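Visitor: One structure is given below, represented as C-alpha cells, and several questions about it will come after.
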Amino acid sequence: MAAALGAGSGSAGAPGLPNSVPGHVALPAVAVWEWQDEFGRWRPYRGSVCSFIEQALQAPAQKGRRSGTGLASSSIPLGQADAMLAPYVIDIPSLMQFRQDTGTMRSVRRHLFAQDSAAGQGIVWEWQNDEGGWSPYEMKVCVFLEQAFTHGLQHVDLSSLGYNYNIDFISLVQTNKTSRFRRGIQRRMDTPYPVTTALGPLHVAVACSCQQCLLNSGTGPITMRYRHSMINLPSSSAMPQVSSRTAALSSSGLGFVPYNKPTLSGARSTPRLNTQSAWALPQSVGAGGPSPGLSASNGVSVQNLPVEMPKPSKVNQALAGWWKSLIASMMDTVTVTPSEPERVVRKYLEELRGAPADEDCMICMEKLALPSGYSDACEGKTIKPEAVGQLTKCQHTFHLLCVLAMYANGNQDGSLQCPSCKTIYGEKTGTQPKGKMEISTFTQSLPGHQDCGTIQIVYSIIRGIQGPEHPNPGMPYTARGFPRYCYLPDNEKGRKVLDLLRVAWKRRLIFTVGTSSTTGESNTVVWNEIHHKTEMDTNLSGHGYPDPNYLDNVLAELAAQGVTEACLRQ
C-alpha cells in the first residue's frame, strides 16, 4: 500500500533559476521549508513562515537582477513572520537556523510538493506530545497520511517512511509498534504553503527514482549516503541530541546511534559547515537535478556557480565570536575524564577474519568489505579501518572503527547498544542533571485501580551548567516545571515499576537536557524515553488514569533502556 501512495517531496533549488531550462518542464508546486530537530527528523515551518522565507529570497534577487548584482538575501529573521520565532535567523549560505541568544544551530531545507498535496491545501497532520500540545509530522508524512485518508484507508504503517508507527484513522491514534504506546493524532487546516515552480518531475512515491530520491531521500536509493549522517558543525549543539521522550528512537529511519550524540562527526560522507562560506543562492525558484553548483546535504540543491558575497553574513560573524567564547568557557569549567573506548569495543565485539562481501555497515553505510567510513576522522591504536566485528549476543556486524566512533561520541559509560536491534551491552547511563527523587504514598485510589492506594513520585531538578555529555557544554540549562509530580498504583506491579524507576533515576535515564517539543526552548531539562503519568483523575491528554496498558508499556520502555528485573537482583 505504501509504495502506491505518494509520500514525499522533491528538494528544490533555491530562488534564482530561470523558469525555462532545456530538457525540463516547468511544473507548479508548493515550497515547504523544514528544520531538523534533535532526533534528525524534519519539522515543517508553518505555511505563513514559509511564504515569508520565499518572499525574502525573491525580493533581493529581483532587485539584484534590476541592479545587476544578482545577490540573494544572506540571512532571514524569522521573528518578522512569527513573533514566537524572534530569536531565530536562517543563514542562507550555510542553510542553517541560528538561535541568536544561545548559539544553537540546526539544519534547514526546502522541499517541493505537488499543488494538490496536503501542503498545497494547507493540511497538516499532528501527533500529541507529552505536554499535551500538538507537534506536526514531517511534511512527507503529512502528504502520505492525507493521501491514505482521502483514499478511505482505515490503517497505515509508517515503516516505509522510517517511522515505527501504525496509524488508525478511525480512532485517530498513533501506536508505537515496539512499545505499543499510543498517542492521539489530528488533522488540521492551516495556511497553504507558497506556490512556486518546479523544473522536472516531483516526488511521486515512497521509493521512486526521481532525482531527489536518488540524491537525498531517506527511502529512495542511496547514492550519497547522506541519510545516515548529519552536518558536522563546530559546536556540539548542532548535533541532534536524544533529548525527549516524545520521539521513539526505535522508529528512526536514520542509522541508529543510541547515545546522546547520535550523528558521528567526521565521516567521509558527512558534509561540513564552512563558516567562511561564500555560497549564495541563485536567482529563481525551481527544482532540478544535480548541477555543477553546490548540492547541499540537507536537501536544497543550489544550481548555479557560487556568487561571492561582499562580506561574511552576520550569522557567520556571530558564530566566530560565539564559538571562541564557548571554547574559552569550556576550558575553564569542563573537565573531561578519558575512558578506554577500544577496550569497550573489543569487550562486546568479536573481530571477524573475513568481512561479508555484500553487507553494509549500518553506521557508515559503506560495504563491510571496504574500510570504515569514519577512517578519516577516527583512529584506533589496535583497530584498523578495514576491521569488522560481530556483537557477541545479537550477532550483528559492523566496522569496528565505526563502533569506536559511535562510542567516542556518546557518554563513554562502558556500555554499547546495537544500532540494529537495540540490544544493550553493559550498563547504559544517560545525561540526566543532578536532582532529587522523592517517594510517598497515600490512600486515595487512582481511576482503574480502586483496590489500592497511590504512590506519588516527586522529581526535583534545578537549573545549572551543562557538562561534557550535554548538547552545549559550559552553557546554562533551564529546568522548567519542576518539581514534577507523577503517580503509580500502590499494588504489586506499580511497586515493581517504582523499583525500576529508582534504577533508571540512578542511571540518569529519566530526564536529559535538550529542546522542548512544546515550547521549542533549547538547553532545558526534558523527559527522556520513559513515560510517566503526571495526572491522577483524567486521561483526556494521555497523562492520567485510567490507562489499563500503562504499567506494561512503561515496563517495556524501561527494558528498552536496559532496566529490567535483573537489575533489582544485582
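Letters A, B, ... mark the chains of the C-alpha cells in the order given; residue numbers begin at 1 per chain; ligand numbers begin at 1, in order shown.
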Just the helix (DSSP H, G or I) stuff from region 358-561 of chain A, please, per backbone DSSP, written as an NGL selection string.
Guide: :A and (400-408 or 492-506 or 550-560)
Visitor: Please provide as a list in words all residues within 9 Å of Tyr137 (chain A), with the sequence filter that same-chain residues fewer than 2 positions apart are discarded (counting only C-alpha atoms).
Guide: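 Listed by chain and then number, they are Trp42, Arg43, Pro44, Val124, Trp125, Glu126, Trp127, Ser135, Met139, Lys140, Val141 and Cys142 of chain A.
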Visitor: For Gln55 (chain A), which residue among A:Pro194, A:Pro356, A:Gly464, A:Pro471 is the nearest when counting only C-alpha atoms?
Guide: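 Checking each of A:Pro194, A:Pro356, A:Gly464, A:Pro471 against Gln55 (chain A), counting only C-alpha atoms, the winner is A:Pro194.
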Visitor: Please compute the CA of Gln186 (chain A)-CA of Asn164 (chain A) distance, one decimal, in Å.
Guide: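 Going from CA of Gln186 (chain A) over to CA of Asn164 (chain A), I get 18.2 Å.
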Visitor: Closest to Gln412 (chain A) among A:Tyr550, A:Gly426, A:Asn523, A:Leu555, using only C-alpha atoms?
Guide: A:Gly426
Visitor: Using Å and a single decimal, report how far CA of Val526 (chain A) sits from CA of Pro476 (chain A).
Guide: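 CA of Val526 (chain A) lies at a distance of 14.3 Å from CA of Pro476 (chain A).
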Visitor: One number please: CA of Tyr193 (chain A) to CA of Ala83 (chain A), in Å, one decimal.
Guide: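 It comes out at 18.9 Å.
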Visitor: Just checking: using only C-alpha atoms, which residue out of A:Gln128, A:Gln115, A:Thr150, A:Thr423 ends up closest to Val563 (chain A)?
Guide: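 Between A:Gln128, A:Gln115, A:Thr150, A:Thr423, the residue approaching Val563 (chain A) most closely is A:Thr423.
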Visitor: Counting only C-alpha atoms, what is within 10 Å of Ile510 (chain A), bar same-chain residues fewer than 3 positions away, as number ranges by chain?
Guide: A: 244-245, 430-433, 459, 501-507, 526-532, 558, 561
Visitor: Taking into account only C-alpha atoms, which residue in the set A:Ser517, A:Leu153, A:Leu551, A:Glu342 is nearest to Gly132 (chain A)?
Guide: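 For Gly132 (chain A), the nearest of the given residues is A:Ser517.
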